[in-house]
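Taking it in order: structure first as structure tokens, then the write-up.
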Amino acid sequence: MGNLTLKSGAFEHGEIIPRKYGYKNGNHSPPLGIAGVPSDAKSLALIMDDPDAMGAVGKVWTHWVLWNIDPASAINEDSVPSGCLEGKTDFEETGYGGPAPPDKEHTYVFKLYALDCKLDAKKGSTKQEIEAAMSGHIVAEARLEGRYSP
């Protein structure tokens, strides 16, 4: 298999994320399609964050952290693949926390990582803990970006 890709049936790369995926508008996680997983990948990890939050709250805001996703999985709307674990968001919650820009339109980045191992991290781990655990194990990466306004 070739180039790792991440797409959504709910929005195109760089386009508007529909309202129902917003934190205050239903907080449904969007469907994500995964293709081109390298044959040596043992698991996948996904991090969704908001780099534009730096201007409003002084840091990149973490919205979703998932790991130990089976490489053959897709991520269906409002669910997580069986066997994967979810981490803590900057909302101080475990699981998906949708877009919630406090000031203006923000760009949200979904980063998918193909890893050569499963991560030994407990449920509720932070983005920083997962990034540290992934270090040296990333075999491919893909990105999907979407925009959301208050």
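Ordering of the structure tokens sets the chain letters (A, B, ...); residue numbers start at 1 within each chain; ligands are numbered from 1 in the order shown.
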Exercise for review: Just list the residues in range 22-91 of chain A DSSP gives alpha helix (DSSP H) on the backbone, as a ChimeraX atom specification.
Suggested key: /A:53-57
Check your understanding: Near Lys42 in chain A, within 7 Å and counting only C-alpha atoms, which residues show up once chain neighbours fewer than 2 positions away are dropped, as a ChimeraX atom specification?
Key -> /A:40,71,115-118
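Around range 88-92 of chain A, within 7 Å and counting only C-alpha atoms, the residues found are Trp61, Thr62, His63, Trp64, Val65, Gly97, Gly124, Ser125 and Thr126 of chain A, once anything fewer than 5 positions away on its own chain is removed.
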Selection from above, N, CA and C atoms, as a CSV table (one decimal), in the first residue's frame, can you write it?
chain,number,residue,atom,x,y,z
A,61,TRP,N,-4.9,24.0,21.1
A,61,TRP,CA,-6.0,23.3,21.9
A,61,TRP,C,-6.2,21.9,21.3
A,62,THR,N,-6.1,20.9,22.2
A,62,THR,CA,-6.3,19.5,21.8
A,62,THR,C,-7.8,19.1,21.9
A,63,HIS,N,-8.3,18.6,20.8
A,63,HIS,CA,-9.7,18.2,20.7
A,63,HIS,C,-10.0,16.7,20.7
A,64,TRP,N,-9.0,15.9,20.3
A,64,TRP,CA,-9.2,14.5,20.2
A,64,TRP,C,-7.9,13.8,20.1
A,65,VAL,N,-7.7,12.7,20.9
A,65,VAL,CA,-6.5,11.9,20.8
A,65,VAL,C,-7.0,10.4,20.8
A,97,GLY,N,-13.9,16.1,21.5
A,97,GLY,CA,-14.3,17.5,21.8
A,97,GLY,C,-14.3,18.3,20.6
A,124,GLY,N,-7.0,8.0,28.6
A,124,GLY,CA,-6.9,9.2,29.3
A,124,GLY,C,-5.6,9.9,29.2
A,125,SER,N,-4.6,9.3,28.5
A,125,SER,CA,-3.3,9.9,28.3
A,125,SER,C,-3.5,11.2,27.5
A,126,THR,N,-2.6,12.1,27.7
A,126,THR,CA,-2.6,13.4,27.0
A,126,THR,C,-2.0,13.4,25.6
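Here CA of Ala56 in chain A is placed at a distance of 7.1 Å from CA of Pro102 in chain A.
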Practice item. Just list the residues in range 15-131 of chain A DSSP gives strand (DSSP E or B) on the backbone, as JSON, numbers by chain. Key: {"A": [15, 16, 32, 33, 34, 35, 43, 44, 45, 46, 47, 48, 49, 50, 61, 62, 63, 64, 65, 66, 67, 68, 69, 75, 85, 86, 88, 94, 106, 107, 108, 109, 110, 111, 112, 113, 114, 115]}
Write to file, as a short mmCIF file (atom, residue, chain, number, x, y, z; two decimals), in the first residue's frame, the residues of the selection just made, with N, CA and C atoms.
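The file below, part.cif, is the result:
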data_model
loop_
_atom_site.label_atom_id
_atom_site.label_comp_id
_atom_site.auth_asym_id
_atom_site.auth_seq_id
_atom_site.Cartn_x
_atom_site.Cartn_y
_atom_site.Cartn_z
N GLU A 15 -12.19 22.76 3.84
CA GLU A 15 -13.56 23.30 3.78
C GLU A 15 -14.17 23.40 5.18
N ILE A 16 -15.43 23.84 5.22
CA ILE A 16 -16.15 24.05 6.47
C ILE A 16 -16.59 22.72 7.09
N LEU A 32 -14.28 9.46 9.39
CA LEU A 32 -12.96 9.62 8.79
C LEU A 32 -12.59 8.35 8.05
N GLY A 33 -12.23 8.52 6.79
CA GLY A 33 -11.80 7.40 5.97
C GLY A 33 -10.28 7.37 5.89
N ILE A 34 -9.72 6.18 5.99
CA ILE A 34 -8.28 5.99 6.00
C ILE A 34 -7.91 5.08 4.83
N ALA A 35 -6.89 5.46 4.07
CA ALA A 35 -6.43 4.63 2.95
C ALA A 35 -4.91 4.74 2.85
N SER A 43 -0.34 -0.15 14.01
CA SER A 43 -1.47 0.59 14.57
C SER A 43 -1.46 2.00 14.00
N LEU A 44 -2.56 2.71 14.25
CA LEU A 44 -2.69 4.11 13.84
C LEU A 44 -3.00 4.95 15.07
N ALA A 45 -2.63 6.22 14.99
CA ALA A 45 -2.99 7.18 16.04
C ALA A 45 -3.54 8.42 15.34
N LEU A 46 -4.46 9.11 16.00
CA LEU A 46 -5.07 10.31 15.45
C LEU A 46 -5.07 11.40 16.51
N ILE A 47 -4.64 12.59 16.11
CA ILE A 47 -4.70 13.75 16.99
C ILE A 47 -5.40 14.86 16.24
N MET A 48 -6.42 15.44 16.87
CA MET A 48 -7.12 16.60 16.30
C MET A 48 -6.84 17.78 17.22
N ASP A 49 -6.32 18.86 16.63
CA ASP A 49 -6.10 20.05 17.45
C ASP A 49 -6.37 21.32 16.66
N ASP A 50 -6.29 22.43 17.39
CA ASP A 50 -6.61 23.75 16.85
C ASP A 50 -5.41 24.68 17.08
N TRP A 61 -4.94 23.97 21.08
CA TRP A 61 -5.99 23.29 21.86
C TRP A 61 -6.19 21.88 21.32
N THR A 62 -6.10 20.89 22.21
CA THR A 62 -6.29 19.49 21.83
C THR A 62 -7.78 19.13 21.90
N HIS A 63 -8.31 18.59 20.78
CA HIS A 63 -9.72 18.24 20.68
C HIS A 63 -10.00 16.73 20.68
N TRP A 64 -9.00 15.93 20.27
CA TRP A 64 -9.24 14.49 20.20
C TRP A 64 -7.90 13.79 20.12
N VAL A 65 -7.75 12.71 20.87
CA VAL A 65 -6.55 11.88 20.83
C VAL A 65 -7.01 10.42 20.85
N LEU A 66 -6.63 9.69 19.81
CA LEU A 66 -7.00 8.28 19.66
C LEU A 66 -5.75 7.50 19.29
N TRP A 67 -5.58 6.30 19.83
CA TRP A 67 -4.44 5.50 19.43
C TRP A 67 -4.78 4.01 19.51
N ASN A 68 -3.85 3.20 18.98
CA ASN A 68 -4.04 1.76 18.84
C ASN A 68 -5.26 1.45 17.97
N ILE A 69 -5.45 2.28 16.96
CA ILE A 69 -6.48 2.05 15.96
C ILE A 69 -5.97 0.96 15.02
N ILE A 75 -13.00 5.31 10.76
CA ILE A 75 -13.59 5.88 11.97
C ILE A 75 -14.97 6.38 11.58
N LEU A 85 -7.94 3.35 22.03
CA LEU A 85 -8.09 4.10 23.27
C LEU A 85 -8.17 5.59 22.98
N GLU A 86 -8.87 6.32 23.87
CA GLU A 86 -9.01 7.77 23.71
C GLU A 86 -8.31 8.48 24.86
N LYS A 88 -7.18 12.38 26.84
CA LYS A 88 -7.80 13.56 27.43
C LYS A 88 -7.62 14.77 26.51
N THR A 94 -12.31 12.96 28.35
CA THR A 94 -11.77 11.89 27.53
C THR A 94 -12.73 11.66 26.38
N HIS A 106 -11.57 29.20 12.96
CA HIS A 106 -10.31 28.51 13.20
C HIS A 106 -10.19 27.34 12.23
N THR A 107 -8.95 26.93 11.97
CA THR A 107 -8.68 25.73 11.19
C THR A 107 -8.33 24.61 12.15
N TYR A 108 -9.01 23.49 12.01
CA TYR A 108 -8.81 22.32 12.84
C TYR A 108 -8.03 21.29 12.04
N VAL A 109 -7.02 20.70 12.67
CA VAL A 109 -6.13 19.77 11.98
C VAL A 109 -6.27 18.37 12.58
N PHE A 110 -6.62 17.42 11.71
CA PHE A 110 -6.67 16.01 12.07
C PHE A 110 -5.37 15.40 11.54
N LYS A 111 -4.54 14.88 12.43
CA LYS A 111 -3.26 14.30 12.03
C LYS A 111 -3.31 12.80 12.29
N LEU A 112 -3.08 12.03 11.24
CA LEU A 112 -3.11 10.58 11.34
C LEU A 112 -1.68 10.06 11.23
N TYR A 113 -1.33 9.15 12.12
CA TYR A 113 0.01 8.58 12.15
C TYR A 113 -0.08 7.07 12.01
N ALA A 114 0.70 6.50 11.09
CA ALA A 114 0.86 5.05 11.00
C ALA A 114 2.10 4.71 11.81
N LEU A 115 1.95 3.74 12.72
CA LEU A 115 3.03 3.40 13.65
C LEU A 115 3.47 1.95 13.47
#
